[in-house]
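Peer 1: One structure follows; several queries about it will come next.
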Amino acid sequence: MQISTRMRAASTALAILAASLTFAAVGTGTAQAGSCASVLGPSQAITVNSQTIGSFYLAWNYCNSSNEVAYTEVNLWNTNYVNGNWHGGQIDVKSSSSYNANTNAPLPNLNSWWWDSGFIKVAPNVSNTRLYYGNMNFTAGGHSCSGQTPTWNFSNGGYSTSGMYVHCS
């Protein structure tokens, strides 16, 4: 009886440790999917004239394991760059075999605005084509911004910052 109790305690401890390590590896939640999403790789600040107006990142919605999806998201918390100043743009998410883009304007979210690419399915059981990244470009408040997220590798759980940038003029 004591051995099975110890084994259950050890199993529970290992499960908690594994869950916390998985969460730490992929980051924090996003505005779009709340508790079912994590940022993949580093989030990037969107800065105009030394003022940070938002952030940009690649994310993963993992709540439904048979339909896991990746997407790109922009969160803008300086509403001067959205309200009445939005002149369009595009945000997309890409893999070696799929693409999804959104050209709609950002949507309000608790005193900020968010804009996502739409979703692409995370390809299961593929060893060398599970590389995903996102892009954004828009003009708002008289400034043009563009950027690319890090590339996330779903095969090994790592990312590459090669090609990653955000630029606003």
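Residues in the structure tokens are numbered from 1 in each chain, the chains being A, B, ... in the order shown, and ligands are numbered from 1 in the order shown.
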Write out as a list in words each polymer residue whose atoms come within 6 Å of A:Phe138, counting only C-alpha atoms; drop sequence neighbours fewer than 2 positions from it.

Peer 2: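 That gives Gly88, Gly89, Ser144 and Cys145 of chain A.
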
Peer 1: So that I have them on file, write out the residues from the current selection with all heavy atoms, as a PDB file, in the first residue's frame.

Peer 2:
ATOM      1  N   GLY A  88      -4.559  49.951 -43.321  1.00  0.00           N
ATOM      2  CA  GLY A  88      -4.468  48.598 -43.854  1.00  0.00           C
ATOM      3  C   GLY A  88      -3.108  47.963 -43.670  1.00  0.00           C
ATOM      4  O   GLY A  88      -2.143  48.589 -43.239  1.00  0.00           O
ATOM      5  N   GLY A  89      -3.053  46.727 -44.010  1.00  0.00           N
ATOM      6  CA  GLY A  89      -1.841  45.959 -43.886  1.00  0.00           C
ATOM      7  C   GLY A  89      -2.175  44.491 -43.980  1.00  0.00           C
ATOM      8  O   GLY A  89      -3.293  44.107 -44.312  1.00  0.00           O
ATOM      9  N   SER A 144       4.775  53.305 -41.058  1.00  0.00           N
ATOM     10  CA  SER A 144       4.713  51.961 -41.638  1.00  0.00           C
ATOM     11  C   SER A 144       5.576  51.034 -40.811  1.00  0.00           C
ATOM     12  O   SER A 144       6.709  51.369 -40.465  1.00  0.00           O
ATOM     13  CB  SER A 144       5.225  51.980 -43.074  1.00  0.00           C
ATOM     14  OG  SER A 144       4.362  52.727 -43.880  1.00  0.00           O
ATOM     15  N   CYS A 145       5.032  49.859 -40.490  1.00  0.00           N
ATOM     16  CA  CYS A 145       5.763  48.856 -39.716  1.00  0.00           C
ATOM     17  C   CYS A 145       5.737  47.527 -40.456  1.00  0.00           C
ATOM     18  O   CYS A 145       4.739  47.191 -41.091  1.00  0.00           O
ATOM     19  CB  CYS A 145       5.135  48.671 -38.332  1.00  0.00           C
ATOM     20  SG  CYS A 145       5.214  50.122 -37.272  1.00  0.00           S
TER      21      CYS A 145
END

Peer 1: Under the rule that only C-alpha atoms are counted, which of A:Trp77, A:Asp116, A:Tyr62, A:Tyr133 is the nearest residue to A:Ala45?

Peer 2: A:Trp77

Peer 1: Rounded to one decimal in Å, what is the spacing between atom CA of A:Val39 and atom CA of A:Pro106?

Peer 2: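 Between atom CA of A:Val39 and atom CA of A:Pro106 the gap is 18.8 Å.
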
Peer 1: Excluding A:Cys168 and residues on its chain fewer than 5 positions from it, collect all residues at most 12 Å away from it, counting only C-alpha atoms, and give them as a ChimeraX atom specification.

Peer 2: /A:45-54,81,136-147

Peer 1: Okay, now the selection with N, CA and C atoms, as a CSV table (one decimal), in the first residue's frame?

Peer 2:
chain,number,residue,atom,x,y,z
A,45,ALA,N,9.0,43.7,-29.6
A,45,ALA,CA,8.4,45.0,-29.4
A,45,ALA,C,8.2,45.8,-30.7
A,46,ILE,N,7.1,46.4,-30.9
A,46,ILE,CA,6.9,47.3,-32.1
A,46,ILE,C,7.1,48.7,-31.6
A,47,THR,N,8.1,49.4,-32.1
A,47,THR,CA,8.5,50.7,-31.6
A,47,THR,C,8.5,51.7,-32.7
A,48,VAL,N,7.9,52.9,-32.4
A,48,VAL,CA,7.8,54.0,-33.3
A,48,VAL,C,8.4,55.2,-32.6
A,49,ASN,N,9.5,55.8,-33.1
A,49,ASN,CA,10.1,57.0,-32.5
A,49,ASN,C,10.4,56.8,-31.0
A,50,SER,N,11.0,55.7,-30.7
A,50,SER,CA,11.4,55.4,-29.3
A,50,SER,C,10.2,55.0,-28.4
A,51,GLN,N,9.0,55.0,-28.9
A,51,GLN,CA,7.9,54.6,-28.1
A,51,GLN,C,7.4,53.2,-28.5
A,52,THR,N,7.3,52.3,-27.6
A,52,THR,CA,6.7,51.0,-27.8
A,52,THR,C,5.2,51.1,-27.9
A,53,ILE,N,4.7,50.7,-29.1
A,53,ILE,CA,3.2,50.8,-29.3
A,53,ILE,C,2.6,49.4,-29.3
A,54,GLY,N,3.3,48.3,-29.2
A,54,GLY,CA,2.8,47.0,-29.2
A,54,GLY,C,3.8,45.9,-29.2
A,81,TYR,N,-2.4,54.7,-32.8
A,81,TYR,CA,-2.0,54.1,-34.1
A,81,TYR,C,-3.0,53.2,-34.7
A,136,MET,N,4.3,40.5,-40.6
A,136,MET,CA,3.3,41.6,-40.5
A,136,MET,C,3.8,42.8,-41.2
A,137,ASN,N,2.8,43.6,-41.8
A,137,ASN,CA,3.1,44.9,-42.3
A,137,ASN,C,1.8,45.7,-42.2
A,138,PHE,N,1.9,47.0,-41.8
A,138,PHE,CA,0.8,47.9,-41.7
A,138,PHE,C,1.2,49.3,-41.7
A,139,THR,N,0.3,50.2,-42.0
A,139,THR,CA,0.5,51.6,-41.9
A,139,THR,C,-0.6,52.2,-40.9
A,140,ALA,N,-0.1,52.9,-39.9
A,140,ALA,CA,-1.1,53.4,-38.9
A,140,ALA,C,-0.4,54.7,-38.3
A,141,GLY,N,-1.2,55.7,-38.1
A,141,GLY,CA,-0.7,56.9,-37.5
A,141,GLY,C,0.4,57.5,-38.3
A,142,GLY,N,0.4,57.3,-39.6
A,142,GLY,CA,1.4,57.9,-40.4
A,142,GLY,C,2.8,57.1,-40.4
A,143,HIS,N,2.8,56.0,-39.8
A,143,HIS,CA,4.0,55.2,-39.7
A,143,HIS,C,3.8,53.8,-40.3
A,144,SER,N,4.8,53.3,-41.1
A,144,SER,CA,4.7,52.0,-41.6
A,144,SER,C,5.6,51.0,-40.8
A,145,CYS,N,5.0,49.9,-40.5
A,145,CYS,CA,5.8,48.9,-39.7
A,145,CYS,C,5.7,47.5,-40.5
A,146,SER,N,6.8,46.8,-40.4
A,146,SER,CA,6.9,45.4,-40.9
A,146,SER,C,7.7,44.6,-40.0
A,147,GLY,N,7.6,43.3,-40.1
A,147,GLY,CA,8.4,42.4,-39.3
A,147,GLY,C,8.2,40.9,-39.6

Peer 1: Please report the interatomic distance between atom CA of A:Val69 and atom CA of A:Val122 in Å with one decimal.

Peer 2: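 Those two atoms sit 5.1 Å apart.
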
Peer 1: Which one of A:Asn109, A:Asn100, A:Ser160, A:Ser169 sits closest to A:Ala70 if you count only C-alpha atoms?

Peer 2: A:Asn100

Peer 1: Considering only C-alpha atoms, can you say which of A:Asn102, A:Asn153, A:Gln44, A:Asn64 comes closest to A:Leu76?

Peer 2: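 Closest residue, counting only C-alpha atoms: A:Gln44.
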
Peer 1: When distances are computed from only C-alpha atoms, which of A:Leu40, A:Val93, A:Ala101, A:Val82 shows the smallest separation from A:Trp113?

Peer 2: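 Selected residue with least distance to A:Trp113: A:Val82.
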
Peer 1: So, with only C-alpha atoms as the atoms that count, which of A:Gln148, A:Tyr71, A:Thr161, A:Asn80 lies closest to A:Trp115?

Peer 2: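 Of A:Gln148, A:Tyr71, A:Thr161, A:Asn80, the one nearest A:Trp115, counting only C-alpha atoms, is A:Tyr71.
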
Peer 1: Which one is closest to A:Asp92: A:Asn61, A:Thr149, A:Asn75, A:Ser35? Count only C-alpha atoms.

Peer 2: A:Thr149

Peer 1: Would you please give, as a PyMOL selection string, all residues of stretch 12-169 of chain A that DSSP assigns to strand (DSSP E) based on the backbone?

Peer 2: chain A and resi 37-48+51-61+69-76+86-95+99-102+107-108+113-116+120-121+131-140+143-148+151-153+158-160+165-168

Peer 1: Could you tell me how far atom CA of A:Arg130 lies from atom CA of A:Trp152, in Å and to one decimal?

Peer 2: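 So the two atoms, atom CA of A:Arg130 and atom CA of A:Trp152, lie 8.0 Å apart.
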